[in-house]
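Contents: one structure, followed by commentary.
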Amino acid sequence: MAVIYTSMAALIFLWPVPGTIAARNLLLLTLLAATLAHNAGEHFLALRQALARARWQLLLLGLLTVWLYLHTATMSAYPEYSYSELAGQWDKSILIFIVGMLVASTLGRERKAASLAFTLIAATLALQMTVVVADFFYLWNTGGLPPFGEARLTGSRTGTSYVANLFMAIVLSNMIARGLASGAFLRTTVAAEIGGLALAMVCLIMAGARNGIFTAIMLIVIAFVFYVVSRRREMSGITRQTVAIAVISAIAAIALVYGSLKTDKRWNVFLETARIALMQAERPNWIYLETMGLPELPDGGPVEESAYARLARYRAGLRFIAENPLGWGFGRGAFERAIELRYGVKRVASDSGLIDWAIGTGVVGVILLIAFVAGLFFIGLKVFLRNASFPPLVLMFVSIGFLSRSVIDINTRDNMLETFMFFGGLSLLLAQWPSHTHE
C-alpha cells in the first residue's frame with residue numbers, strides 16, 4: 001500500500017506542474033501495476049461487483065469513445081491528427097479513469113485506507129497551494145510589488161485555481177460529512193479544514209483566477225444546499241447552526257468577490273470590454289492582436305485583453321458550431337484549426353472546453369461528454385440521498401466543478417482532463433462501497 005499512497009501523492013502534486021509528463025507517466029504505470037497486483041485473485045470479485053453497479057456510466061463512456069473514433073474515421077477534416085490526439089488525450093484519460101477505479105477498489109475494502117488516501121490527497125493539494133502563496137510573497141519581497149496573477153508552480157492561473165477548487169471540493173465534502181451519521185472521512189480537524197479553505201481563497205485571489213473564484217463561490221453555495229438537504233430529517237425548522245453556517249458561507253463568498261475586485265484591476269473595465277467584445281466580434285482584432293492591437297474603450301484606453309479575447313472567441317466558436325454541427329475533428333486544437341482554416345492564423349486558442357469539444361467532435365460529441373459528466377453527478381446524488389456520506393459528495397463536487405469550468409475554461413484536455421478522470425473513477429467506485437457510509 002505504501003507504493004500506492006506514495007505514487008498517488010506524487011502524481012497529484014506533479015499533475016499541474018509543466019514539464020513533468022515523463023515523470024507522471026512513470027507514476028501512472030507504477031500505480032497501475034501496484035493496483036492490479038492488489039486486485040488480483042479473490043479481490044477481483046469485489047471489483048467486478050462495483051463495476052456492475054456503475055455499468056450505465058461505463059456504457060456512456062464507451063458510447064462517447066465509439067463516437068470519437070467513428071467521427072475521426074468518417075468526418076474529421078484531419079484524421080491523422082485526430083487519431084494522434086485520441087491516443088495521447090482520450091485513450092490515456094480512459095486509462096487514468098481505470099487507474100482511479102483500481103485505486104478505489106484497492107482502498108474500498110477498508111474505510112481507514114480510503115480515509116488515509118484522501119487525507120494524503122488533501123495534504124498534497126494544500127502543499128501545492130502553500131508553495132504558490134510562499135512564492136507570491138517571495139516575489140513581492142524581491143520585486144517590491146505584489147505579483148498578482150503570477151503562478152510559477154503551475155504555469156498558469158487556470159492550473160492554480162484548479163488545485164484550489166479541487167481542494168475545496170474535498171474539504172467541503174468532509175465538512176458536510178462531519179455532521180452526518182457517517183462522520184468525518186478525512187483525518188483532519190475542523191480548524192485545519194477552515195485554515196485550508198482560507199488558504200485556497202488566498203491562493204485564488206493572489207493568482208487572479210476569476211474563473212476559479214466563480215467556481216469556488218458555486219462550490220460554497222452547493223455545499224450549503226447539500227448540508228441542508230442532508231439534515232432535512234433532523235431539522236424541524238431553521239436552526240441556529242444552519243443560520244451560522246449560512247452566514248459563514250456568505251462571508252466567505254463575499255470575501256472572495258471583494259478580494260478579487262480589490263486586487264484584480266481587470267474588473268475596472270470588464271463591463272465595457274464585454275460590450276465591445278460582443279458587439280464587435282466580427283472585427284478581427286482578437287485574431288491579429290500583434291498587428292491590429294486591442295480595440296479602444298470610450299475613454300481612449302485599450303479594452304481588457306483577457307475578457308475581450310475570451311468573449312470574442314466564445315462567439316466565434318458558437319458560429320463555427322452552427323456552421324458545422326458535425327464537427328471538424330477531435331483534438332486539443334480544434335478551435336485553433338478552425339481558425340487556421342478560416343483566417344490562416346495558428347496561434348489563437350479557445351477559452352471554453354465545451355465549445356472546443358463541440359467544434360472538434362460535433363454536437364453529438366459534446367452532448368455525450370456532458371451526459372457522461374452529468375451522469376457522474378447524478379450517481380453521486382442518488383447515493384448521497386440514499387446514504388449520505390463523503391465519497392458521493394466528492395463525486396458530485398468534482399463533476400459539477402469540472403462541468404462548470406468547461407463552459408468558461410479550456411479544461412477538457414491535458415492534465416486537467418486527466419485529473420478529473422482520475423478523481424471521477426476513484427470517487428465513482430468508492431461511492432459504491434457501503435463500508436464508507438458507516439464506521
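By convention here, the chains of the C-alpha cells are called A, B, ... in the order presented, each chain's residues are numbered starting at 1, and ligands are numbered starting at 1 in the order presented.
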
I'd like the contact shell of region 191-208 of chain A - 8 Å cut-off, only C-alpha atoms, skipping same-chain residues fewer than 5 positions apart - returned as JSON, numbers by chain. {"A": [126, 129, 130, 132, 133, 136, 147, 148, 149, 150, 151, 157, 160, 161, 164, 165, 167, 168, 171, 175, 213, 256, 259, 260, 263, 264]}

Using only C-alpha atoms, which residue out of A:His71, A:Arg152, A:Arg24, A:Lys112 lies closest to Thr361 (chain A)? A:His71

Counting only C-alpha atoms, what are the residues of region 148-239 of chain A within 12 Å of region 391-399 of chain A, and for each of them which pair of atoms is the nearest and at what distance in Å, to one decimal? Sort the table by chain and rising number, as a tab-separated table.
```
residue	atom	partner	partner_atom	distance
A:Tyr162	CA	A:Val398	CA	10.6
A:Val163	CA	A:Val398	CA	11.5
A:Asn165	CA	A:Val398	CA	8.8
A:Leu166	CA	A:Val398	CA	7.0
A:Phe167	CA	A:Val398	CA	9.9
A:Met168	CA	A:Phe397	CA	9.0
A:Ala169	CA	A:Phe397	CA	5.5
A:Ile170	CA	A:Val394	CA	5.9
A:Val171	CA	A:Val394	CA	9.0
A:Leu172	CA	A:Val394	CA	8.6
A:Ser173	CA	A:Leu393	CA	5.4
A:Asn174	CA	A:Leu393	CA	8.3
A:Met175	CA	A:Leu393	CA	10.4
A:Ile176	CA	A:Leu393	CA	8.5
A:Ala177	CA	A:Leu393	CA	8.3
A:Arg178	CA	A:Leu393	CA	11.9
A:Leu180	CA	A:Leu393	CA	11.9
A:Ser182	CA	A:Pro391	CA	10.7
A:Gly183	CA	A:Pro391	CA	11.8
A:Ala184	CA	A:Pro391	CA	11.0
A:Phe185	CA	A:Pro391	CA	8.7
A:Leu186	CA	A:Pro391	CA	10.9
A:Thr215	CA	A:Phe397	CA	10.4
A:Ala216	CA	A:Phe397	CA	10.6
A:Met218	CA	A:Phe397	CA	9.9
A:Leu219	CA	A:Phe397	CA	7.1
A:Ile220	CA	A:Phe397	CA	10.2
A:Val221	CA	A:Phe397	CA	11.3
A:Ile222	CA	A:Phe397	CA	8.4
A:Ala223	CA	A:Phe397	CA	8.5
A:Val225	CA	A:Leu393	CA	11.9
A:Phe226	CA	A:Leu393	CA	8.6
A:Tyr227	CA	A:Leu393	CA	10.4
A:Ser230	CA	A:Leu393	CA	10.8
```

Just checking: using only C-alpha atoms, which residue out of A:Thr412, A:Gln241, A:Asn387, A:Thr188 ends up closest to Ile355 (chain A)?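 Closest to Ile355 (chain A), using only C-alpha atoms: A:Thr412.
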
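Going from CA of Ser350 (chain A) over to CA of Arg313 (chain A), you cover 6.3 Å.
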
Measure the distance from CA of Thr106 (chain A) to CA of Leu14 (chain A) in Å and round it to one decimal.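 CA of Leu14 (chain A) lies at a distance of 22.3 Å from CA of Thr106 (chain A).
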